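Enquirer: Structure provided below as structure tokens; questions to follow.
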Amino acid sequence: MLHITSEGFKIQDVSVNNLVHQFGTPLYVYDGKKIIEQLKKLQTAFAGCDVKVKFAAKALTNISILKLLKKNGSGIDVVSINEAKLALKVGFVPSEIMFTSNCIDLVEVSEGVQLGLNINLDNLSILEQYGKKYGNNYPCCLRLNPSILAGGNYKISTGHKLSKFGIPIEQLTQINELILRYKIDINGLHIHTGSEISDTEVFIKMATILFDWAKDFPHVKFLDFGGGFKVAYKAGDKETNVNEIGSHLEKLFEAFEKSTGRKLQMWIEPGKFLVSDAGSLLTKVNTVKKNPTITFVGVNTGLNHLIRPMMYDAYHEIVNVSNPEGNEHVYTIVGNICETDTLGSDRKLTEVREGDILVIKNAGAYGYSMASNYNSRFRPAEVLIYNGKAQLIRERDTLEDILRGQVEVEI
Ligand code: LLP
């Protein structure tokens with residue numbers, strides 16, 4: 001995590017200046033210690049629920065990060081067969097992998113079956129195709145849409161009536177018909193209501209629905225609560241109280257066991273909670289542009305590397321690490337992409353000079369994994385600080401990467 005010392009800004013014990021000197025900018029830097037700390041927080045909060053943490057790989061798919069999480073006891077949640085292959089590559093065993101997909105075809109689902117993954121299905125049509133093909137030969141989990149509108153941002157909210165995700169709970173009759181017709185073996189029930197959910201009540205509502213359904217599904221072995229645990233993006237932000245949720249859910253799991261004699265596992269699929277805070281995007285100031293009404297700081301990154309501010313109006317704190325003693329001024333920090341790519345509006349920063357290094361915080365989740373080569377710019381390098389050592393875990397793109405796969409024909 002970024003912090004100031006008498007020798008300047010550091011991430012863990014490594015100086016930001018040294019990182020910039022060694023690896024250049026723009027640069028994603030991940031603090032391995034912080035990732036492990038966050039994982040332990042969840043493992044402890046839900047210890048009474050027989051929890052299996054499955055990192056939502058989509059948040060950050062670098063294989064070294066996946067390896068770090070695996071080594072510390074995490075399983076993994078994947079949304080495509082390619083993410084599953086990354087997970088297998090770093091040594092996750094198929095039974096630790098949850099394949100939760102949306103709007104994919106049976107061919108991709110079947111690949112997941114062949115690899116031995118846990119399969120999670122989220123519409124009636126694919127359930128029917130699955131039933132026809134596998135009957136009761138390979139179990140699957142059902143992703144339900146509980147009609148809960150949760151989280152602060154509609155674009156990342158997935159459990160409401162108008163969302164494309166999950167099978168609406170109103171379709172229970174149709175689900176049951178298919179299960180009976182094809183003898184489908186349902187081994188788990190899943191709900192993910194969205195991202196950045198800080199309200200304990202939402203998790204309790206989800207639990208009520210899941211436990212209610214689990215009574216009628218005798219082969220269900222786990223309830224999957226998805227991800228969505230919120231972290232603080234700025235001072236005063238509320239973080240999900242995972243300990244409070246843990247103690248409520250522990251009681252509900254116990255009560256279910258008492259009344260049915262069935263002990264269920266709890267699965268969770270955190271993305272942001274594990275890696276958001278641990279990640280920083282380091283960028284260099286290319287230009288300070290003083291217009292009559294606004295002072296822009298133009299940096300050597302943009303929405304091609306961090307799309308969250310433009311896509312979700314997400315707030316990422318920005319710090320000028322090159323001038324900690326400078327006077328504060330108000331700036332609008334923008335990228336170098338040929339679009340309006342504002343990274344932060346009207347931010348108070350210590351005086352910014354061309355060549356300064358800015359750190360964009362909370363960039364670990366959905367930062368690099370949503371990055372692109374738009375404007376034919378290179379995606380940044382990635383560095384992991386682990387055991388006090390900063391190591392390159394992905395090289396910066398080169399022109400070869402941009403040309404890779406392009407076919408030049410005779411014109
Ligand atoms: N499980 C499922 C089924 C999901 O769809 C997601 C996120 C997660 C778990 C992990 O959610 P998390 O713990 O990270 O909130 N790109 C957006 C977030 C999209 C989340 C997509 N699904 C953002 O940058 O805010």
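Residue numbering restarts at 1 for every chain of the structure tokens, chains are lettered A, B, ... in their displayed order, and ligands are numbered from 1 as they appear.
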So which residues are near ligand 1, meaning at most 9 Å away with only C-alpha atoms and all ligand atoms counted, given back as JSON, numbers by chain?
Expert: {"A": [54, 55, 56, 57, 58, 59, 77, 78, 79, 100, 101, 102, 143, 153, 155, 156, 157, 158, 165, 190, 191, 192, 193, 194, 195, 196, 197, 225, 226, 227, 228, 229, 230, 268, 269, 270, 271, 272, 273, 274, 275, 276, 307, 308, 309, 311, 312, 314, 365, 366, 367, 369, 370]}
Enquirer: Please provide as a list in words all residues within 6 Å of region 348-362 of chain A, with the sequence filter that same-chain residues fewer than 5 positions apart are discarded (counting only C-alpha atoms).
Expert: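 Final neighbour list, sorted by chain and number: Ser276, Asp277, Gly279, Ser280, Leu281, Leu282, Thr283, Lys284, Val285, Asn286, Thr287, His316, Glu317, Ile318, Val319, Asn320, Val321, Ser322, Gly326, Asn327, Glu328, His329 and Val330 of chain A.
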Enquirer: Those same residues - C-alpha atoms - I'd like them written as an mmCIF file, in the first residue's frame.
Expert:
```
data_model
loop_
_atom_site.group_PDB
_atom_site.id
_atom_site.type_symbol
_atom_site.label_atom_id
_atom_site.label_comp_id
_atom_site.auth_asym_id
_atom_site.auth_seq_id
_atom_site.Cartn_x
_atom_site.Cartn_y
_atom_site.Cartn_z
ATOM 1 C CA SER A 276 -8.406 -3.439 -5.400
ATOM 2 C CA ASP A 277 -6.531 -1.686 -2.609
ATOM 3 C CA GLY A 279 -2.979 -2.176 -6.745
ATOM 4 C CA SER A 280 -1.609 1.210 -7.821
ATOM 5 C CA LEU A 281 -1.182 2.681 -11.261
ATOM 6 C CA LEU A 282 1.957 4.807 -11.523
ATOM 7 C CA THR A 283 1.931 7.414 -14.246
ATOM 8 C CA LYS A 284 4.115 10.314 -15.375
ATOM 9 C CA VAL A 285 2.850 13.837 -15.946
ATOM 10 C CA ASN A 286 3.406 14.721 -19.594
ATOM 11 C CA THR A 287 1.891 18.158 -19.539
ATOM 12 C CA HIS A 316 -9.804 6.728 -7.638
ATOM 13 C CA GLU A 317 -7.685 8.773 -5.278
ATOM 14 C CA ILE A 318 -4.671 10.360 -6.998
ATOM 15 C CA VAL A 319 -1.480 11.407 -5.204
ATOM 16 C CA ASN A 320 1.455 13.426 -6.469
ATOM 17 C CA VAL A 321 4.355 11.446 -5.019
ATOM 18 C CA SER A 322 7.046 13.708 -6.519
ATOM 19 C CA GLY A 326 4.294 21.371 -2.396
ATOM 20 C CA ASN A 327 1.300 23.694 -1.962
ATOM 21 C CA GLU A 328 -2.063 22.245 -2.886
ATOM 22 C CA HIS A 329 -3.854 23.306 -6.078
ATOM 23 C CA VAL A 330 -6.940 22.055 -7.876
#
```
Enquirer: Fewer than 4 positions away in the same chain doesn't count, so skip those; otherwise give me all residues within 10 Å of Asp346 (chain A), counting only C-alpha atoms, as a PyMOL selection string.
Expert: chain A and resi 294-296+329-333
Enquirer: Can those selected residues be exported to a file as an mmCIF file, in the first residue's frame so that it contains C-alpha atoms?
Expert:
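Full text of again.cif as output:
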```cif
data_model
loop_
_atom_site.group_PDB
_atom_site.id
_atom_site.type_symbol
_atom_site.label_atom_id
_atom_site.label_comp_id
_atom_site.auth_asym_id
_atom_site.auth_seq_id
_atom_site.Cartn_x
_atom_site.Cartn_y
_atom_site.Cartn_z
ATOM 1 C CA ILE A 294 -9.287 24.770 -15.518
ATOM 2 C CA THR A 295 -5.804 23.343 -15.095
ATOM 3 C CA PHE A 296 -5.415 19.986 -16.761
ATOM 4 C CA HIS A 329 -3.854 23.306 -6.078
ATOM 5 C CA VAL A 330 -6.940 22.055 -7.876
ATOM 6 C CA TYR A 331 -6.398 20.016 -11.046
ATOM 7 C CA THR A 332 -8.306 17.845 -13.452
ATOM 8 C CA ILE A 333 -6.250 14.785 -14.297
#
```
Enquirer: Leaving out Phe256 (chain A) and any residue of its chain fewer than 5 positions from it, which residues lie within 12 Å of it when counting only C-alpha atoms, given as a PyMOL selection string?
Expert: chain A and resi 49+207-208+210-215+223+249-251+261-265
Enquirer: Pull N, CA and C atoms from the residues just selected and write them as a short mmCIF file (atom, residue, chain, number, x, y, z; two decimals), in the first residue's frame.
Expert:
```cif
data_model
loop_
_atom_site.label_atom_id
_atom_site.label_comp_id
_atom_site.auth_asym_id
_atom_site.auth_seq_id
_atom_site.Cartn_x
_atom_site.Cartn_y
_atom_site.Cartn_z
N CYS A 49 -18.39 -20.70 8.96
CA CYS A 49 -19.36 -21.12 7.93
C CYS A 49 -18.77 -22.15 6.98
N ALA A 207 -29.11 -14.78 1.81
CA ALA A 207 -29.04 -16.03 2.57
C ALA A 207 -30.44 -16.61 2.76
N THR A 208 -31.40 -15.74 3.05
CA THR A 208 -32.77 -16.22 3.28
C THR A 208 -33.28 -16.95 2.05
N LEU A 210 -31.44 -18.27 -0.43
CA LEU A 210 -30.65 -19.48 -0.71
C LEU A 210 -31.03 -20.64 0.23
N PHE A 211 -31.18 -20.34 1.53
CA PHE A 211 -31.53 -21.42 2.47
C PHE A 211 -32.93 -21.95 2.19
N ASP A 212 -33.82 -21.05 1.81
CA ASP A 212 -35.18 -21.46 1.51
C ASP A 212 -35.19 -22.44 0.33
N TRP A 213 -34.44 -22.11 -0.71
CA TRP A 213 -34.38 -22.98 -1.89
C TRP A 213 -33.65 -24.29 -1.55
N ALA A 214 -32.59 -24.17 -0.73
CA ALA A 214 -31.77 -25.36 -0.45
C ALA A 214 -32.59 -26.48 0.19
N LYS A 215 -33.64 -26.11 0.94
CA LYS A 215 -34.50 -27.14 1.57
C LYS A 215 -35.08 -28.08 0.52
N LEU A 223 -23.70 -23.20 -0.82
CA LEU A 223 -24.41 -21.98 -1.20
C LEU A 223 -23.34 -20.96 -1.55
N LEU A 249 -24.30 -15.04 9.26
CA LEU A 249 -24.45 -16.21 8.39
C LEU A 249 -24.11 -17.51 9.11
N GLU A 250 -23.15 -17.42 10.02
CA GLU A 250 -22.77 -18.62 10.79
C GLU A 250 -24.01 -19.20 11.48
N LYS A 251 -24.81 -18.29 12.05
CA LYS A 251 -26.01 -18.74 12.78
C LYS A 251 -27.01 -19.38 11.81
N GLY A 261 -30.38 -31.49 9.08
CA GLY A 261 -29.31 -32.50 9.21
C GLY A 261 -28.27 -32.37 8.10
N ARG A 262 -28.35 -31.29 7.31
CA ARG A 262 -27.39 -31.13 6.20
C ARG A 262 -26.43 -29.99 6.50
N LYS A 263 -25.12 -30.29 6.41
CA LYS A 263 -24.13 -29.24 6.64
C LYS A 263 -23.67 -28.72 5.28
N LEU A 264 -23.96 -27.47 5.02
CA LEU A 264 -23.61 -26.90 3.71
C LEU A 264 -22.32 -26.10 3.80
N GLN A 265 -21.59 -26.05 2.69
CA GLN A 265 -20.42 -25.17 2.60
C GLN A 265 -20.88 -23.79 2.14
#
```
Enquirer: Between A:Asn120, A:Asn373, A:Pro168, A:Phe203, which residue has the minimum interatomic distance to Asp185 (chain A), considering only C-alpha atoms?
Expert: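 Between A:Asn120, A:Asn373, A:Pro168, A:Phe203, the residue approaching Asp185 (chain A) most closely is A:Asn120.
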Enquirer: Under the rule that only C-alpha atoms are counted, which of A:Phe9, A:Phe23, A:Leu106, A:Gln38 is the nearest residue to Arg394 (chain A)?
Expert: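 Closest to Arg394 (chain A) of all the choices is A:Phe23.
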Enquirer: Between CA of Gly73 (chain A) and CA of Leu39 (chain A), what is the spacing in Å?
Expert: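 Pair CA of Leu39 (chain A) / CA of Gly73 (chain A) returns 8.5 Å.
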Enquirer: What's the 6 Å shell around Asn187 (chain A), counting only C-alpha atoms, without same-chain residues fewer than 4 positions away, as a ChimeraX atom specification?
Expert: /A:139-141,219-221
Enquirer: As a PDB file with N, CA and C atoms, in the first residue's frame, please: every residue in region 16-74 of chain A that DSSP puts in alpha helix (DSSP H).
Expert:
```pdb
ATOM      1  N   VAL A  16       8.753   4.357  -4.451  1.00  0.00           N
ATOM      2  CA  VAL A  16       8.056   4.555  -5.726  1.00  0.00           C
ATOM      3  C   VAL A  16       9.057   5.042  -6.783  1.00  0.00           C
ATOM      4  N   ASN A  17       9.974   5.888  -6.369  1.00  0.00           N
ATOM      5  CA  ASN A  17      10.973   6.382  -7.331  1.00  0.00           C
ATOM      6  C   ASN A  17      11.793   5.238  -7.916  1.00  0.00           C
ATOM      7  N   ASN A  18      12.171   4.282  -7.046  1.00  0.00           N
ATOM      8  CA  ASN A  18      12.943   3.139  -7.546  1.00  0.00           C
ATOM      9  C   ASN A  18      12.128   2.300  -8.522  1.00  0.00           C
ATOM     10  N   LEU A  19      10.833   2.148  -8.200  1.00  0.00           N
ATOM     11  CA  LEU A  19       9.967   1.358  -9.099  1.00  0.00           C
ATOM     12  C   LEU A  19       9.925   2.013 -10.474  1.00  0.00           C
ATOM     13  N   VAL A  20       9.759   3.343 -10.457  1.00  0.00           N
ATOM     14  CA  VAL A  20       9.660   4.075 -11.725  1.00  0.00           C
ATOM     15  C   VAL A  20      10.993   3.973 -12.481  1.00  0.00           C
ATOM     16  N   HIS A  21      12.076   4.101 -11.725  1.00  0.00           N
ATOM     17  CA  HIS A  21      13.400   4.051 -12.328  1.00  0.00           C
ATOM     18  C   HIS A  21      13.643   2.680 -12.958  1.00  0.00           C
ATOM     19  N   GLN A  22      13.254   1.644 -12.237  1.00  0.00           N
ATOM     20  CA  GLN A  22      13.546   0.286 -12.712  1.00  0.00           C
ATOM     21  C   GLN A  22      12.596  -0.193 -13.806  1.00  0.00           C
ATOM     22  N   PHE A  23      11.309   0.167 -13.691  1.00  0.00           N
ATOM     23  CA  PHE A  23      10.329  -0.449 -14.597  1.00  0.00           C
ATOM     24  C   PHE A  23       9.653   0.542 -15.532  1.00  0.00           C
ATOM     25  N   GLY A  32       1.700  -7.641  -2.661  1.00  0.00           N
ATOM     26  CA  GLY A  32       1.326  -9.028  -2.355  1.00  0.00           C
ATOM     27  C   GLY A  32       0.902  -9.219  -0.907  1.00  0.00           C
ATOM     28  N   LYS A  33       1.545  -8.453  -0.019  1.00  0.00           N
ATOM     29  CA  LYS A  33       1.229  -8.594   1.407  1.00  0.00           C
ATOM     30  C   LYS A  33      -0.220  -8.174   1.679  1.00  0.00           C
ATOM     31  N   LYS A  34      -0.630  -7.093   1.015  1.00  0.00           N
ATOM     32  CA  LYS A  34      -1.994  -6.583   1.200  1.00  0.00           C
ATOM     33  C   LYS A  34      -3.024  -7.605   0.671  1.00  0.00           C
ATOM     34  N   ILE A  35      -2.693  -8.231  -0.452  1.00  0.00           N
ATOM     35  CA  ILE A  35      -3.625  -9.224  -1.012  1.00  0.00           C
ATOM     36  C   ILE A  35      -3.819 -10.366  -0.011  1.00  0.00           C
ATOM     37  N   ILE A  36      -2.712 -10.823   0.561  1.00  0.00           N
ATOM     38  CA  ILE A  36      -2.804 -11.936   1.518  1.00  0.00           C
ATOM     39  C   ILE A  36      -3.586 -11.499   2.764  1.00  0.00           C
ATOM     40  N   GLU A  37      -3.339 -10.261   3.210  1.00  0.00           N
ATOM     41  CA  GLU A  37      -4.060  -9.737   4.383  1.00  0.00           C
ATOM     42  C   GLU A  37      -5.575  -9.755   4.152  1.00  0.00           C
ATOM     43  N   GLN A  38      -5.976  -9.306   2.970  1.00  0.00           N
ATOM     44  CA  GLN A  38      -7.411  -9.249   2.653  1.00  0.00           C
ATOM     45  C   GLN A  38      -8.007 -10.657   2.605  1.00  0.00           C
ATOM     46  N   LEU A  39      -7.241 -11.595   2.040  1.00  0.00           N
ATOM     47  CA  LEU A  39      -7.721 -12.984   1.970  1.00  0.00           C
ATOM     48  C   LEU A  39      -7.911 -13.537   3.382  1.00  0.00           C
ATOM     49  N   LYS A  40      -6.948 -13.266   4.235  1.00  0.00           N
ATOM     50  CA  LYS A  40      -7.036 -13.776   5.634  1.00  0.00           C
ATOM     51  C   LYS A  40      -8.251 -13.169   6.339  1.00  0.00           C
ATOM     52  N   LYS A  41      -8.521 -11.870   6.057  1.00  0.00           N
ATOM     53  CA  LYS A  41      -9.690 -11.214   6.679  1.00  0.00           C
ATOM     54  C   LYS A  41     -10.962 -11.997   6.375  1.00  0.00           C
ATOM     55  N   LEU A  42     -11.104 -12.404   5.106  1.00  0.00           N
ATOM     56  CA  LEU A  42     -12.314 -13.134   4.721  1.00  0.00           C
ATOM     57  C   LEU A  42     -12.321 -14.539   5.311  1.00  0.00           C
ATOM     58  N   GLN A  43     -11.158 -15.196   5.254  1.00  0.00           N
ATOM     59  CA  GLN A  43     -11.091 -16.559   5.799  1.00  0.00           C
ATOM     60  C   GLN A  43     -11.452 -16.556   7.281  1.00  0.00           C
ATOM     61  N   THR A  44     -11.036 -15.490   7.982  1.00  0.00           N
ATOM     62  CA  THR A  44     -11.337 -15.403   9.420  1.00  0.00           C
ATOM     63  C   THR A  44     -12.810 -15.041   9.643  1.00  0.00           C
ATOM     64  N   ALA A  45     -13.291 -14.045   8.892  1.00  0.00           N
ATOM     65  CA  ALA A  45     -14.673 -13.581   9.097  1.00  0.00           C
ATOM     66  C   ALA A  45     -15.685 -14.706   8.892  1.00  0.00           C
ATOM     67  N   ILE A  63      -1.107 -14.354 -13.913  1.00  0.00           N
ATOM     68  CA  ILE A  63      -0.949 -15.701 -13.329  1.00  0.00           C
ATOM     69  C   ILE A  63      -0.111 -15.697 -12.042  1.00  0.00           C
ATOM     70  N   SER A  64       0.764 -14.713 -11.890  1.00  0.00           N
ATOM     71  CA  SER A  64       1.541 -14.667 -10.641  1.00  0.00           C
ATOM     72  C   SER A  64       0.648 -14.297  -9.459  1.00  0.00           C
ATOM     73  N   ILE A  65      -0.340 -13.449  -9.722  1.00  0.00           N
ATOM     74  CA  ILE A  65      -1.299 -13.088  -8.660  1.00  0.00           C
ATOM     75  C   ILE A  65      -2.164 -14.317  -8.326  1.00  0.00           C
ATOM     76  N   LEU A  66      -2.584 -15.026  -9.372  1.00  0.00           N
ATOM     77  CA  LEU A  66      -3.402 -16.223  -9.142  1.00  0.00           C
ATOM     78  C   LEU A  66      -2.618 -17.233  -8.300  1.00  0.00           C
ATOM     79  N   LYS A  67      -1.328 -17.357  -8.615  1.00  0.00           N
ATOM     80  CA  LYS A  67      -0.465 -18.292  -7.887  1.00  0.00           C
ATOM     81  C   LYS A  67      -0.354 -17.895  -6.412  1.00  0.00           C
ATOM     82  N   LEU A  68      -0.199 -16.585  -6.181  1.00  0.00           N
ATOM     83  CA  LEU A  68      -0.075 -16.073  -4.812  1.00  0.00           C
ATOM     84  C   LEU A  68      -1.345 -16.411  -4.016  1.00  0.00           C
ATOM     85  N   LEU A  69      -2.495 -16.203  -4.652  1.00  0.00           N
ATOM     86  CA  LEU A  69      -3.756 -16.470  -3.969  1.00  0.00           C
ATOM     87  C   LEU A  69      -3.903 -17.972  -3.709  1.00  0.00           C
ATOM     88  N   LYS A  70      -3.537 -18.751  -4.700  1.00  0.00           N
ATOM     89  CA  LYS A  70      -3.648 -20.218  -4.526  1.00  0.00           C
ATOM     90  C   LYS A  70      -2.786 -20.675  -3.352  1.00  0.00           C
ATOM     91  N   LYS A  71      -1.549 -20.170  -3.321  1.00  0.00           N
ATOM     92  CA  LYS A  71      -0.616 -20.569  -2.252  1.00  0.00           C
ATOM     93  C   LYS A  71      -1.176 -20.243  -0.869  1.00  0.00           C
TER      94      LYS A  71
END
```
Enquirer: So that I can check the secondary structure, give me every residue of region 328-408 of chain A assigned strand (DSSP E) by backbone DSSP, as a PyMOL selection string.
Expert: chain A and resi 328-334+342-350+357-360+381-386+389-394
Enquirer: Counting only C-alpha atoms, which of A:Leu127, A:Ala371, A:Val383, A:Val29 gets nearest to Arg181 (chain A)?
Expert: A:Leu127
Enquirer: Which is closer to Asn176 (chain A) than all the others in A:Pro324, A:Gly48, A:Gly159, A:Gly131, using only C-alpha atoms?
Expert: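 The closest residue to Asn176 (chain A) is A:Gly131.
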Enquirer: Check the smallest atom-to-atom distance from each of A:Ala84, A:Ile76, A:Leu180, A:Ile169 to Glu111 (chain A) using only C-alpha atoms, then report the winner.
Expert: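 Once distances to Glu111 (chain A) are computed over only C-alpha atoms, the minimum belongs to A:Ala84.
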